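Peer 1: Handing over start29.tsv, TSV, C-alpha atoms.
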chain	number	residue	atom	x	y	z
X	1	MET	CA	-7.50	-3.79	12.06
X	2	ALA	CA	-9.99	-5.14	9.50
X	3	ALA	CA	-13.57	-3.97	9.87
X	4	ARG	CA	-16.89	-4.82	8.29
X	5	ILE	CA	-18.01	-1.77	6.35
X	6	ILE	CA	-21.14	-1.04	4.33
X	7	TYR	CA	-21.14	1.57	1.56
X	8	VAL	CA	-24.48	2.94	0.35
X	9	ASP	CA	-24.34	4.82	-2.96
X	10	ASP	CA	-26.45	4.59	-6.12
X	11	ASP	CA	-23.43	5.29	-8.38
X	12	PRO	CA	-21.79	1.99	-9.44
X	13	VAL	CA	-18.57	3.79	-10.41
X	14	MET	CA	-18.08	5.20	-6.92
X	15	GLY	CA	-19.20	1.86	-5.46
X	16	SER	CA	-16.47	0.03	-7.37
X	17	ILE	CA	-13.81	2.60	-6.46
X	18	VAL	CA	-14.58	2.60	-2.74
X	19	CYS	CA	-14.84	-1.20	-2.60
X	20	SER	CA	-11.54	-1.47	-4.45
X	21	VAL	CA	-9.76	0.90	-2.08
X	22	LEU	CA	-11.16	-0.52	1.15
X	23	LEU	CA	-10.51	-4.12	0.12
X	24	GLU	CA	-6.93	-3.10	-0.60
X	25	ALA	CA	-6.80	-1.53	2.88
X	26	GLY	CA	-7.78	-4.89	4.39
X	27	HIS	CA	-11.44	-4.26	5.25
X	28	ALA	CA	-14.50	-6.34	4.40
X	29	ILE	CA	-16.73	-4.07	2.35
X	30	GLY	CA	-20.26	-4.45	1.02
X	31	TRP	CA	-21.77	-2.00	-1.46
X	32	ILE	CA	-25.53	-1.42	-1.67
X	33	ALA	CA	-27.17	0.99	-4.13
X	34	ASP	CA	-30.48	1.41	-2.32
X	35	ALA	CA	-31.03	2.96	1.14
X	36	GLU	CA	-34.08	0.84	2.06
X	37	GLN	CA	-32.19	-2.32	1.20
X	38	ALA	CA	-29.21	-1.09	3.20
X	39	LEU	CA	-31.40	-0.69	6.30
X	40	PHE	CA	-32.61	-4.26	5.92
X	41	VAL	CA	-29.08	-5.63	5.48
X	42	MET	CA	-27.63	-3.62	8.38
X	43	ARG	CA	-30.37	-4.77	10.77
X	44	ARG	CA	-29.57	-8.38	9.94
X	45	ARG	CA	-25.83	-7.92	10.40
X	46	PRO	CA	-24.76	-4.53	11.75
X	47	PRO	CA	-21.47	-3.28	10.26
X	48	HIS	CA	-18.66	-1.64	12.20
X	49	LEU	CA	-19.00	1.46	10.02
X	50	ALA	CA	-21.41	2.80	7.39
X	51	ILE	CA	-20.45	5.16	4.56
X	52	LEU	CA	-23.46	6.96	3.09
X	53	ASP	CA	-23.95	8.99	-0.07
X	54	CYS	CA	-26.45	11.86	0.24
X	55	ALA	CA	-28.10	12.14	-3.16
X	56	MET	CA	-29.84	8.87	-3.93
X	57	PRO	CA	-33.20	8.19	-5.58
X	58	GLY	CA	-35.84	7.28	-3.01
X	59	MET	CA	-34.49	7.60	0.52
X	60	SER	CA	-31.56	10.02	0.74
X	61	GLY	CA	-28.43	9.31	2.74
X	62	VAL	CA	-29.41	11.86	5.38
X	63	ASP	CA	-32.84	10.26	5.77
X	64	LEU	CA	-31.15	6.87	6.06
X	65	LEU	CA	-28.87	8.30	8.74
X	66	ARG	CA	-31.88	9.64	10.68
X	67	ARG	CA	-33.53	6.21	10.47
X	68	MET	CA	-30.32	4.60	11.75
X	69	ARG	CA	-30.06	7.00	14.69
X	70	SER	CA	-33.61	6.20	15.77
X	71	ASP	CA	-33.13	2.46	15.43
X	72	ALA	CA	-32.17	0.49	18.55
X	73	VAL	CA	-29.91	-1.87	16.59
X	74	LEU	CA	-28.21	0.69	14.36
X	75	CYS	CA	-28.09	3.86	16.45
X	76	ARG	CA	-24.46	3.48	17.57
X	77	ILE	CA	-22.90	2.55	14.24
X	78	PRO	CA	-20.36	5.20	13.21
X	79	VAL	CA	-21.37	6.92	9.96
X	80	LEU	CA	-19.20	8.75	7.45
X	81	VAL	CA	-21.13	10.78	4.86
X	82	LEU	CA	-19.44	10.87	1.44
X	83	THR	CA	-21.15	13.13	-1.06
X	84	ALA	CA	-20.67	15.22	-4.20
X	85	ARG	CA	-22.81	17.95	-2.62
X	86	GLN	CA	-20.50	20.86	-2.05
X	87	SER	CA	-22.41	23.25	0.21
X	88	GLU	CA	-21.79	23.82	3.92
X	89	GLN	CA	-25.55	23.62	4.50
X	90	ASP	CA	-25.51	20.02	3.30
X	91	GLU	CA	-22.59	19.33	5.64
X	92	ALA	CA	-24.45	20.91	8.57
X	93	LEU	CA	-27.55	18.88	7.71
X	94	ALA	CA	-25.53	15.65	7.78
X	95	PHE	CA	-23.91	16.44	11.13
X	96	GLY	CA	-27.31	17.52	12.46
X	97	ALA	CA	-28.68	14.11	11.50
X	98	GLY	CA	-25.88	12.38	13.44
X	99	ALA	CA	-22.95	11.92	11.04
X	100	ASP	CA	-19.57	11.20	12.65
X	101	ASP	CA	-17.61	12.53	9.70
X	102	TYR	CA	-18.21	14.16	6.31
X	103	LEU	CA	-16.15	14.10	3.13
X	104	ARG	CA	-16.81	15.63	-0.27
X	105	LYS	CA	-16.39	13.79	-3.57
X	106	PRO	CA	-14.10	13.51	-5.33
X	107	VAL	CA	-12.34	12.57	-2.11
X	108	ASP	CA	-8.63	11.85	-1.95
X	109	LEU	CA	-8.62	8.09	-1.47
X	110	ASP	CA	-5.73	8.12	1.02
X	111	LEU	CA	-7.73	10.62	3.07
X	112	LEU	CA	-10.81	8.39	2.90
X	113	VAL	CA	-8.87	5.39	4.23
X	114	GLY	CA	-7.25	7.56	6.93
X	115	ARG	CA	-10.56	8.98	8.16
X	116	ILE	CA	-12.12	5.51	8.24
X	117	ASP	CA	-9.21	4.16	10.27
X	118	ALA	CA	-9.50	7.11	12.67
X	119	ILE	CA	-13.25	6.58	13.17
X	120	LEU	CA	-12.72	2.88	13.78
X	121	ALA	CA	-9.88	3.56	16.24
X	122	ASN	CA	-12.05	6.04	18.16
X	123	GLU	CA	-14.87	3.53	18.26
X	124	ARG	CA	-12.57	0.80	19.60
X	125	PHE	CA	-11.29	3.20	22.25
X	126	ARG	CA	-14.84	4.21	23.21
X	127	LEU	CA	-15.92	0.58	23.55
X	128	SER	CA	-12.86	-0.37	25.60
X	129	ALA	CA	-13.19	2.69	27.85
X	130	GLN	CA	-16.91	2.22	28.49
X	131	PRO	CA	-16.65	-0.33	31.33
X	132	LYS	CA	-13.98	1.79	33.07
X	133	ILE	CA	-16.10	4.93	32.81
X	134	ALA	CA	-19.10	3.01	34.13
X	135	ARG	CA	-17.09	1.95	37.20
X	136	ILE	CA	-16.03	5.56	37.90
B	1	MET	CA	-8.18	14.51	-30.15
B	2	ASN	CA	-9.92	12.09	-27.87
B	3	PRO	CA	-11.15	14.19	-24.92
B	4	HIS	CA	-11.20	11.16	-22.66
B	5	SER	CA	-7.94	9.63	-23.74
B	6	SER	CA	-7.11	9.06	-20.07
B	7	LEU	CA	-9.89	6.48	-19.99
B	8	ASN	CA	-8.17	4.46	-22.64
B	9	GLU	CA	-4.76	4.51	-21.08
B	10	GLN	CA	-3.74	1.96	-18.51
B	11	GLN	CA	-2.67	4.62	-16.05
B	12	ALA	CA	-2.14	3.91	-12.36
B	13	SER	CA	-5.17	4.48	-10.16
B	14	PRO	CA	-4.95	7.08	-7.35
B	15	LEU	CA	-3.78	4.53	-4.81
B	16	GLY	CA	-1.74	2.56	-7.29
B	17	LEU	CA	-4.55	0.05	-7.44
B	18	ASP	CA	-4.52	-2.34	-10.30
B	19	ASN	CA	-7.41	-4.65	-9.63
B	20	GLU	CA	-10.50	-5.77	-11.46
B	21	LEU	CA	-12.85	-3.59	-9.45
B	22	PHE	CA	-11.00	-0.44	-10.38
B	23	GLU	CA	-10.91	-1.45	-14.02
B	24	ALA	CA	-14.65	-2.14	-13.86
B	25	ALA	CA	-15.12	1.36	-12.43
B	26	ARG	CA	-13.14	2.81	-15.33
B	27	SER	CA	-15.35	1.04	-17.89
B	28	LEU	CA	-18.54	2.07	-16.07
B	29	PHE	CA	-17.39	5.68	-15.97
B	30	ALA	CA	-16.74	5.67	-19.72
B	31	ALA	CA	-20.22	4.22	-20.28
B	32	GLN	CA	-21.79	6.88	-18.02
B	33	CYS	CA	-20.06	9.63	-20.03
B	34	ASP	CA	-21.28	8.10	-23.30
B	35	ASN	CA	-24.85	7.80	-22.02
B	36	LEU	CA	-24.89	11.35	-20.75
B	37	ARG	CA	-23.40	12.64	-24.01
B	38	SER	CA	-26.14	10.87	-26.01
B	39	LEU	CA	-28.88	12.20	-23.75
B	40	ALA	CA	-27.52	15.76	-23.79
B	41	ALA	CA	-27.14	15.65	-27.59
B	42	GLU	CA	-30.72	14.47	-27.96
B	43	LEU	CA	-32.05	17.26	-25.72
B	44	ALA	CA	-29.75	20.07	-26.81
B	45	GLY	CA	-31.61	20.69	-30.05
B	46	SER	CA	-35.01	21.09	-28.40
B	47	SER	CA	-36.50	22.77	-25.36
B	48	VAL	CA	-35.30	21.19	-22.12
B	49	SER	CA	-38.01	20.59	-19.53
B	50	ALA	CA	-37.46	20.67	-15.78
B	51	VAL	CA	-37.79	16.88	-15.69
B	52	ASP	CA	-35.15	16.49	-18.43
B	53	ALA	CA	-32.87	18.89	-16.57
B	54	GLN	CA	-33.29	16.90	-13.36
B	55	MET	CA	-32.30	13.72	-15.21
B	56	LEU	CA	-29.22	15.38	-16.75
B	57	ALA	CA	-28.26	16.92	-13.40
B	58	SER	CA	-28.51	13.59	-11.63
B	59	GLN	CA	-26.09	11.98	-14.11
B	60	ALA	CA	-23.78	15.01	-14.09
B	61	HIS	CA	-23.74	14.72	-10.28
B	62	ASN	CA	-22.30	11.20	-10.48
B	63	ILE	CA	-19.65	12.25	-12.99
B	64	ALA	CA	-18.73	15.22	-10.78
B	65	GLY	CA	-17.94	12.79	-7.98
B	66	THR	CA	-15.72	10.42	-9.92
B	67	ALA	CA	-14.12	12.06	-13.00
B	68	ARG	CA	-10.97	12.96	-11.07
B	69	TYR	CA	-10.16	9.30	-10.42
B	70	PHE	CA	-9.81	8.75	-14.14
B	71	GLY	CA	-7.57	11.71	-14.81
B	72	ASP	CA	-10.38	14.10	-15.80
B	73	ARG	CA	-10.39	16.65	-12.99
B	74	LYS	CA	-11.61	19.43	-15.30
B	75	LEU	CA	-14.67	17.46	-16.39
B	76	GLY	CA	-15.49	16.85	-12.72
B	77	GLU	CA	-15.28	20.55	-11.90
B	78	LEU	CA	-17.40	21.51	-14.90
B	79	ALA	CA	-19.97	18.85	-14.02
B	80	VAL	CA	-20.40	20.36	-10.53
B	81	ARG	CA	-21.10	23.79	-12.02
B	82	ILE	CA	-23.37	22.53	-14.79
B	83	GLU	CA	-25.39	20.42	-12.35
B	84	GLN	CA	-26.07	23.61	-10.36
B	85	ASP	CA	-26.97	25.50	-13.56
B	86	LEU	CA	-29.38	22.74	-14.62
B	87	LEU	CA	-31.11	22.65	-11.26
B	88	GLY	CA	-31.13	26.43	-10.84
B	89	ALA	CA	-32.48	27.28	-14.32
B	90	THR	CA	-36.04	28.55	-14.30
B	91	ASN	CA	-36.91	28.33	-18.00
B	92	ASP	CA	-36.38	26.08	-21.03
B	93	HIS	CA	-33.89	28.49	-22.60
B	94	ASP	CA	-31.53	28.48	-19.60
B	95	ARG	CA	-31.86	24.73	-19.21
B	96	ALA	CA	-30.98	24.26	-22.90
B	97	ALA	CA	-27.91	26.49	-22.44
B	98	ALA	CA	-26.78	24.35	-19.50
B	99	CYS	CA	-27.40	21.25	-21.59
B	100	ARG	CA	-25.14	22.63	-24.37
B	101	SER	CA	-22.47	23.42	-21.75
B	102	LEU	CA	-22.67	19.84	-20.60
B	103	LEU	CA	-22.18	18.58	-24.15
B	104	LEU	CA	-19.16	20.83	-24.56
B	105	ALA	CA	-17.67	19.68	-21.24
B	106	LEU	CA	-18.14	16.04	-22.23
B	107	ALA	CA	-16.41	16.80	-25.52
B	108	GLY	CA	-13.42	18.05	-23.57
B	109	GLY	CA	-14.03	21.79	-23.80
B	110	ASP	CA	-15.15	24.58	-21.49
B	111	GLU	CA	-18.33	26.55	-22.00
B	112	GLU	CA	-16.54	29.80	-21.28
Let me see the file written as structure tokens.

Peer 2:
Amino acid sequence: MAARIIYVDDDPVMGSIVCSVLLEAGHAIGWIADAEQALFVMRRRPPHLAILDCAMPGMSGVDLLRRMRSDAVLCRIPVLVLTARQSEQDEALAFGAGADDYLRKPVDLDLLVGRIDAILANERFRLSAQPKIARI
Amino acid sequence: MNPHSSLNEQQASPLGLDNELFEAARSLFAAQCDNLRSLAAELAGSSVSAVDAQMLASQAHNIAGTARYFGDRKLGELAVRIEQDLLGATNDHDRAAACRSLLLALAGGDEE
């Protein structure tokens, strides 16, 4: 099912690749190179999923994630962190900040699409199950 | 030999994509490599400050994340290691050595 996805990464090469792949997979994708600007855009129209790079000038992806998790409008948006940082400490930091998934660049593009579909499917299930769980 | 001959070939993208966005990415990647090569060449002959090293590392970081998509897996792997060397170096001499390694990697060779 098509989703509205935002990708935040300062590298235009990666931005073009990810947009290319996700458009091909049938999603609506917007790429933003600046984390502050991404916050502004997401508050105006929250996406179904955000993909965040870690290493960006200014606000990092992990700081953006923390801001999202403390924001009433954005706190429930699923977030996949996609980064060229290779250490497990960086991965732990991202999950500690509230990431739903974490992939290292250069990511296999089939894997990226698969993980995104899985996150979106889980989110749809969670939303559909919520009223039933509330009744229980 | 052109070390980045894969950039000039119309090879299939990793998902068999053949669209304008992917072609734009290919051109941008080639430009990033050229820019980084020029910067590294300019700095390699002199002492490399921590600020210079940070700038080189930042650009190497981007190349590390994308080189594989354009058929240059080895450059991507070298860029990861050289980025760490640039950021971990504590003096001008070590930073200059990492800078020369970067130049060599961008020319299609290994520093080892």

Peer 1: How far is it from CA of Leu127 (chain X) to CA of Gln37 (chain X), in Å with one decimal?

Peer 2: 27.8 Å

Peer 1: Hey, can you pull every residue with an atom no more than 12 Å from (-24.1, 19.2, 8.3), using all atoms listed in the file, and send it as JSON, numbers by chain?

Peer 2: {"X": [54, 62, 65, 80, 81, 82, 83, 85, 86, 87, 88, 89, 90, 91, 92, 93, 94, 95, 96, 97, 98, 99, 100, 101, 102, 103, 104]}

Peer 1: Find the distance between CA of Val113 (chain X) and CA of Glu77 (chain B) and write it in Å to one decimal.

Peer 2: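 Separating CA of Val113 (chain X) from CA of Glu77 (chain B) is a distance of 23.0 Å.
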
Peer 1: With a cut-off of 12 Å and counting all atoms listed in the file, select all residues of chain B in contact with chain X and give the selection as a ChimeraX atom specification.

Peer 2: /B:13-33,54-55,57-77,79-81,83-84

Peer 1: Put the listed atoms of region 30-37 of chain X in a box along x, y and z with 4 Å added on every side and give me the centre and edge lengths in Å to one decimal, as AutoDock Vina command-line options.

Peer 2:
--center_x -27.2 --center_y -0.7 --center_z -1.0 --size_x 21.8 --size_y 15.4 --size_z 14.2

Peer 1: Quick one: pull the distance between CA of Arg44 (chain X) and CA of Gly114 (chain X), Å, one decimal.

Peer 2: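 Value for the CA of Arg44 (chain X)-CA of Gly114 (chain X) distance: 27.6 Å.
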
Peer 1: When you look at Asp34 (chain X) with a cut-off of 10 Å (counting all atoms listed in the file), what residues show up, excluding the ones that are within fewer than 5 positions of it in the same chain? I need them as a list in words.

Peer 2: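 The residues satisfying every condition are Val8, Asp9, Asp10, Leu39, Met56, Pro57, Gly58, Met59, Ser60 and Gly61 of chain X.
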
Peer 1: Considering all atoms listed in the file, state which residue in the set X:Val41, X:Ala35, X:Arg69, X:Ile51 is at the smallest distance from Leu112 (chain X).

Peer 2: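 Once distances to Leu112 (chain X) are computed over all atoms listed in the file, the minimum belongs to X:Ile51.
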
Peer 1: Could you check which of X:Arg67, X:His48, X:Arg126, X:Arg43 is closest to Arg4 (chain X), using all atoms listed in the file?

Peer 2: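 For Arg4 (chain X), the nearest of the candidates is X:His48.
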
Peer 1: Taking (-32.8, 27.1, -27.4) in the coordinates of the supplied file, I want to know which residues reach to within 9 Å of it, counting only C-alpha atoms; could you give the answer as a ChimeraX atom specification?

Peer 2: /B:44-48,92-97

Peer 1: How about saving the chosen residues, C-alpha atoms kept, as a PDB file, in the coordinates of the input?

Peer 2:
ATOM      1  CA  ALA B  44     -29.750  20.070 -26.810  1.00  0.00           C
ATOM      2  CA  GLY B  45     -31.610  20.690 -30.050  1.00  0.00           C
ATOM      3  CA  SER B  46     -35.010  21.090 -28.400  1.00  0.00           C
ATOM      4  CA  SER B  47     -36.500  22.770 -25.360  1.00  0.00           C
ATOM      5  CA  VAL B  48     -35.300  21.190 -22.120  1.00  0.00           C
ATOM      6  CA  ASP B  92     -36.380  26.080 -21.030  1.00  0.00           C
ATOM      7  CA  HIS B  93     -33.890  28.490 -22.600  1.00  0.00           C
ATOM      8  CA  ASP B  94     -31.530  28.480 -19.600  1.00  0.00           C
ATOM      9  CA  ARG B  95     -31.860  24.730 -19.210  1.00  0.00           C
ATOM     10  CA  ALA B  96     -30.980  24.260 -22.900  1.00  0.00           C
ATOM     11  CA  ALA B  97     -27.910  26.490 -22.440  1.00  0.00           C
TER      12      ALA B  97
END
